[in-house]
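Working notes, beginning with the structure itself.
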Amino acid sequence: MSSAEIATLPESEGFKIRWGDLAPFIALGVIILLGTMINSNFMSANNILNVITRSAFIAIIGVGATFVIATGGLDLSIGSMLAFVVGIMVMAMNALAPSLGPWAIPIGALVALVVGSLCGLMNGLIITVGRIEPFIVTLGTMGIFRALITYMTDGGSLSIDRSLRNAYRPVYFGDFLGVPYPVIITLVIALLGAFILYRTKYGRRVTAVGSNADVARFSGVHVGRVRTMAFVIQGFCVAVAAICYVPRLGAATPTTGQLWELQVITAVVIGGTLLRGGKAHIWGTVAGALILEVIANVMVLSDMVSEYLVAAVQGAIIIIAMLAHRFTSPR
Amino acid sequence: MSMQASDTTGARTAPGPVLRADTLSKAYGPITVLTDVTLDINAGEVHAIIGENGAGKSTLMRLLSGHAEPTGGTLAMAGTPVAFFDAVQAEDAGIVLVHQEILLAPDLTVAQNLFLGRELSRFFAVDDKQMNRRTAEVLARVGSTARPWTVVGELPLAQRQLVQIARALLDDRKVIILDEPTAMLANDEVDALLDIVRNLRAQGVAVLYISHRLEEVEALADRVTVLRDGKMIGTWPAETLDQRQMAELMVGRELSMLYPPKREPATAEPVLVVEELSVDHGKITGSFSVRPGEVLGIGGMIGAGRTELIEGLMGLRPSQAGAIRVGGTAVTKPDVKALMAAGLVYLTEDRKGKGLLLNEGLGPNLILQAMDMINPRLRLDRKKETEAVKSAVQDYDIRVRTLSIEAGKLSGGNQQKLLLAKVMQADPSVVIIDEPTRGIDIGNKSQIYRFIDDLVRAGKACVVISSELPELVGLSDRVLVMRAGRFVAELTGDDITEQNVVYAAASSGKDTEGRKRA
């Protein structure tokens, strides 16, 4: 082929809408439309901001989970890990409060980020060095973290020191130019995640490992390191979510973050990331987290379905999403 | 030497063939893989089938044992026409195929495996006692030392192979087809297996024996049938053929003009030196070196350990090496990345499973391996990537409709060229290519041969592993032949012929050194 011919080759097959990739956003739009029709209060700025803010935790953790799942892994420990990190952070802040005053908050947050990353590192190392299925390892650490938080709270709750409450409160309840901080943090984390995943060499390796670990290995990619790093990113994201979570309720309890792993995995999967790895959609995950929260909100606002059935509807969503994927994908 | 096919059977027992195939053919759609094979098998006879890789041996076996249905021709047992719908029907008729691969459930015991799907029961419960007793009998018959209650996963490979044969013998069989039964066995185990086959023959069983190893065929067979390119070349009484004649019958074709002319002998210092490499805990060992401007061919039958040796060299399998030097750099702990940095790359034989990300586009595939060498920063350089794709498409003549196509949608030949372009991104001085043209059409083949020629003429070195003899002979300046995990012969100059390679790869190797045609 001559170079002239190469130059005329189209770089892509023109503008072709990838319906599969857009599906979570379309679904989100449809659900919002339904919500508006059911209850006029749904579209009020107050309600919308509230919904987006509440979805922040699942979205932030979901960004990390997108990395883990893209490498072909799975992390069941995230809900318990969140509770554990919240517990450690509250304890650290309370211990530092008498000597540091409000400065205990950033130091405590830093402790949370380090502890979260270390928890992820531990998951990752056991999986890659020990060559054990991620499902089994994180099932184990899920139990460990849950037991630790129950032990730390002595079965009750671990509350943040009164002196810190007012200073810490804005992290969840405050806003910048009308945009709540959790929303801003979600955006920053998602942007960062998208940058790492789509624009760095590491991100390239994440999808390579997930789509075919043998090809990656034969190409000189250190598969174990890539996988471990994904779990560290997951741990970091859990810690960020923990930092946003504490001012909301002000305490860690044995039920903090319970079953969040299911919500997070649901958000990632309905966002278009393949559970077997190799294809990752950060923004799809964010849309997925929003879908879950919007559905819950619509159900609460409408009188038609009991809000006790929220989890059932969310569960149905993941199955419907997968069925839709099965019947629309070309293969 | 008389090469006339003979119809005089070496039958030991009189009344006609147990199984007869008449003009048997098999086609998959428009592709014919086996044409008009006519042969018969007598009771108490070992009938060997030999041929190169892809000659149609396995297809024939599958047709005879009911694993596949012929598209032409007929089968008859003791004169009565038969047709098998599946392998179970064939087994009921008394024909059983013992697969080359071990097909046993590793977590079950020997007896449980033998009786899998046909368990004996007594009052609604499985009758382990009875099954163990009968298993012990049949194990004794094949000379296995395994116990009926041993878990199969704990047995060494050779014993598992015997268990597999024992399973075939559980019910009385008239015809046993052994597909490369010694492929995984060590030498003393091979001798034991040959004794078992002789024993079966003495018991009046008809044995169809497929093997690459010509000395086994010479030692064992009563008659030999040669297949080549899906066609039957003929059947001869075994005593009329020696190993060399068998090899010539298996090859029987001439070099075409596909290959670039040979280069002047290379004299420069070796650019890759591998000393005392030991892979898979000593199962495969070898030393070799290659000079700039040289194509070193590595020949041998499938399963001889060629790919494993190279994967060991690349650190993709457990291995130990006395020394590895690439272009003067000693590499102490070899892995793909370190060797690539030193100037050595490996192109896998399994382009779909280990070579390319089929769901990814050209760019991610192209730069996956050499990413760190092209671009030291953390961030991807998309512009450079697009440039690399464009020049690879041009330099390696990868035919695409659009640059955004997924690798999995390319033809085999274009995939192979993309893979070649991928490893060349690292600008290596030595390239090891495993099966450079497997499953690609003739046009792409000759292009790849030209690339290899250009490469070595530019002063690089190339190692080619190939199971296609014409390719090995047509490309190589020097050939090492591997057999059962060891290099058994080195061929240079005019000694590089298909016959010599086959002879070294398949014979006992006692007198391979530079043996010429008598």
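Within each chain, counting starts at residue 1; across the structure tokens, chains are named A, B, ... in the order shown, with ligands numbered 1 upward in that order.
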Which polymer residues have any atom within 8 Å of an atom of stretch 226-234 of chain B, counting only C-alpha atoms, with same-chain residues fewer than 4 positions away left out, as a PDB file with C-alpha atoms, in the first residue's frame?
```pdb
ATOM      1  CA  GLN B   4       4.750 -50.080  -4.864  1.00  0.00           C
ATOM      2  CA  ALA B   5       1.808 -50.269  -2.547  1.00  0.00           C
ATOM      3  CA  SER B   6       1.222 -53.833  -1.582  1.00  0.00           C
ATOM      4  CA  THR B  32     -11.282 -31.300   1.669  1.00  0.00           C
ATOM      5  CA  VAL B  33      -9.060 -32.630   4.429  1.00  0.00           C
ATOM      6  CA  LEU B  34      -9.030 -36.301   3.506  1.00  0.00           C
ATOM      7  CA  THR B  35      -9.467 -37.897   0.083  1.00  0.00           C
ATOM      8  CA  ASP B  36     -10.148 -41.525  -0.860  1.00  0.00           C
ATOM      9  CA  VAL B  37      -8.385 -43.404   1.893  1.00  0.00           C
ATOM     10  CA  THR B  38      -8.733 -47.161   1.569  1.00  0.00           C
ATOM     11  CA  ILE B  49      -0.404 -44.635  10.104  1.00  0.00           C
ATOM     12  CA  ILE B  50       2.340 -42.085   9.506  1.00  0.00           C
ATOM     13  CA  GLY B  51       2.378 -38.625   7.979  1.00  0.00           C
ATOM     14  CA  GLU B  52       3.478 -35.067   8.620  1.00  0.00           C
ATOM     15  CA  GLY B  54      -1.664 -31.897   8.918  1.00  0.00           C
ATOM     16  CA  ALA B  55      -1.443 -34.932   6.657  1.00  0.00           C
ATOM     17  CA  GLY B  56      -4.903 -36.055   7.801  1.00  0.00           C
ATOM     18  CA  LYS B  57      -3.998 -38.716  10.367  1.00  0.00           C
ATOM     19  CA  MET B 246       9.315 -43.699   5.613  1.00  0.00           C
ATOM     20  CA  LEU B 249       7.362 -41.050   1.693  1.00  0.00           C
ATOM     21  CA  MET B 250       5.965 -38.672   4.302  1.00  0.00           C
ATOM     22  CA  VAL B 251       7.609 -35.615   2.725  1.00  0.00           C
TER      23      VAL B 251
END
```
Which residues of chain B are close to chain A, meaning at most 10 Å apart when you count only C-alpha atoms, and how do they look as a PyMOL selection string? chain B and resi 311+314-316+335-340+345-348+350-360+364-365+367-372+375-382+386+390-391+393-405+422-423
Would you please give, as a ChimeraX atom specification, all residues of stretch 172-252 of chain A that DSSP assigns to helix (DSSP H, G or I) based on the backbone? /A:172-173,181-199,201-211,213-218,223-249
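DSSP annotation of stretch 170-222 of chain A from backbone atoms: strand (DSSP E or B) residues are Asp175, Phe176, Val179, Pro180 and Thr200 of chain A.
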Take the selection from the previous step and output its residues with N, CA and C atoms, as an mmCIF file, in the first residue's frame.
```cif
data_model
loop_
_atom_site.group_PDB
_atom_site.id
_atom_site.type_symbol
_atom_site.label_atom_id
_atom_site.label_comp_id
_atom_site.auth_asym_id
_atom_site.auth_seq_id
_atom_site.Cartn_x
_atom_site.Cartn_y
_atom_site.Cartn_z
ATOM 1 N N ASP A 175 -21.464 23.752 49.795
ATOM 2 C CA ASP A 175 -21.403 23.795 48.338
ATOM 3 C C ASP A 175 -20.480 24.893 47.868
ATOM 4 N N PHE A 176 -20.073 24.780 46.613
ATOM 5 C CA PHE A 176 -19.251 25.789 45.995
ATOM 6 C C PHE A 176 -20.015 26.288 44.781
ATOM 7 N N VAL A 179 -22.882 24.214 43.859
ATOM 8 C CA VAL A 179 -22.664 22.790 43.607
ATOM 9 C C VAL A 179 -22.139 22.139 44.893
ATOM 10 N N PRO A 180 -22.851 21.137 45.414
ATOM 11 C CA PRO A 180 -22.412 20.519 46.669
ATOM 12 C C PRO A 180 -21.013 19.908 46.521
ATOM 13 N N THR A 200 -3.303 7.217 30.124
ATOM 14 C CA THR A 200 -1.971 6.831 30.584
ATOM 15 C C THR A 200 -1.633 5.410 30.135
#
```
What is the atom CA of A:Gly87 to atom CA of A:Gly120 distance in Å? 16.3 Å
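Going from atom CA of B:Ala206 over to atom CA of B:Tyr28, you cover 29.1 Å.
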Contacts of stretch 147-160 of chain A at 7 Å (only C-alpha atoms; same-chain gap of 4+ positions) as a compact mmCIF listing (two decimals) with C-alpha atoms, in the first residue's frame:
```txt
# COMPACT_ATOMS: atom_id res chain seq x y z
CA ALA A 83 -16.88 1.11 57.40
CA PHE A 84 -13.40 0.14 58.62
CA GLY A 87 -13.88 3.89 61.96
CA VAL A 90 -13.02 8.86 63.31
CA ASN A 94 -10.94 12.17 67.87
CA GLY A 143 -15.71 -10.48 56.80
CA GLY A 250 -21.11 11.75 62.06
CA ALA A 251 -20.49 8.19 63.14
CA ALA A 252 -19.36 4.72 62.16
CA THR A 253 -21.62 1.79 63.02
CA PRO A 254 -21.44 -1.96 62.35
```
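Nearest residue to A:Val305 among A:Leu28, A:Ile282, A:Ile69, A:Ile38 is A:Ile38, counting only C-alpha atoms.
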Set the distance at 10 Å and use only C-alpha atoms: which residues neighbour A:Leu187 once local chain neighbours fewer than 4 positions away are removed? I'd like the list as a VMD selection string. chain A and resid 56 59 to 60 181 to 183 191 to 193 283 286
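With distances restricted to only C-alpha atoms, B:Gly361 is the closest residue to B:Gly408 from B:Gly286, B:Gly361, B:Pro428, B:Ile448.
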Tell me, as a count of residues only, which residues lie within 9 Å of B:Pro292, counting only C-alpha atoms; anything in the same chain fewer than 2 positions away does not count. 19
Could you give me, as a compact mmCIF listing (two decimals) with C-alpha atoms, in the first residue's frame, the residues within 12 Å of B:Ile102, counting only C-alpha atoms and dropping anything in the same chain fewer than 6 positions from it?
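The result, written out as part_32.txt:
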```txt
# COMPACT_ATOMS: atom_id res chain seq x y z
CA ASN B 113 -12.65 -42.93 35.69
CA VAL B 152 -5.87 -39.94 38.83
CA GLY B 153 -4.48 -36.46 39.48
CA LEU B 155 -0.49 -40.31 38.95
CA PRO B 156 2.45 -39.44 36.71
CA LEU B 157 1.60 -38.72 33.08
CA ALA B 158 2.75 -42.11 31.80
CA GLN B 159 0.50 -43.92 34.26
CA ARG B 160 -2.41 -41.74 33.25
CA GLN B 161 -1.82 -42.69 29.65
CA LEU B 162 -1.94 -46.35 30.68
CA VAL B 163 -5.15 -45.75 32.61
CA GLN B 164 -6.58 -44.28 29.45
CA ILE B 165 -5.61 -47.37 27.50
CA ARG B 167 -10.32 -47.75 29.96
CA ASP B 179 -3.26 -41.62 18.60
CA GLU B 180 0.35 -40.69 19.37
CA PRO B 181 0.31 -42.70 22.59
CA THR B 182 3.98 -42.00 23.31
CA ALA B 183 3.89 -38.25 22.70
CA MET B 184 4.08 -37.53 26.41
CA LEU B 185 6.15 -40.47 27.58
```
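Here atom CA of B:Ala93 and atom CA of B:Ile210 stand 20.9 Å from one another.
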At a cut-off of 12 Å, using only C-alpha atoms, what residues contact A:Ile132? Leave out same-chain residues fewer than 6 positions from it and give the result as a short mmCIF file (atom, residue, chain, number, x, y, z; two decimals) with C-alpha atoms, in the first residue's frame.
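Output contents, as saved in around20.cif:
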```
data_model
loop_
_atom_site.label_atom_id
_atom_site.label_comp_id
_atom_site.auth_asym_id
_atom_site.auth_seq_id
_atom_site.Cartn_x
_atom_site.Cartn_y
_atom_site.Cartn_z
CA GLY A 73 -10.98 -8.75 39.17
CA LEU A 74 -13.78 -8.22 41.66
CA ASN A 123 -6.31 -7.34 48.82
CA GLY A 124 -4.21 -6.99 45.68
CA LEU A 125 -1.11 -8.67 47.05
CA ILE A 126 -3.00 -11.64 48.48
CA THR A 138 -12.29 -10.19 49.10
CA LEU A 139 -15.03 -12.38 50.57
CA GLY A 140 -12.54 -13.08 53.35
CA GLY A 224 0.38 -8.91 38.88
#
```
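Closest approach to A:Ala241 among A:Ile319, A:Leu177, A:Leu49, A:Gly62 is made by A:Gly62 (distances from only C-alpha atoms).
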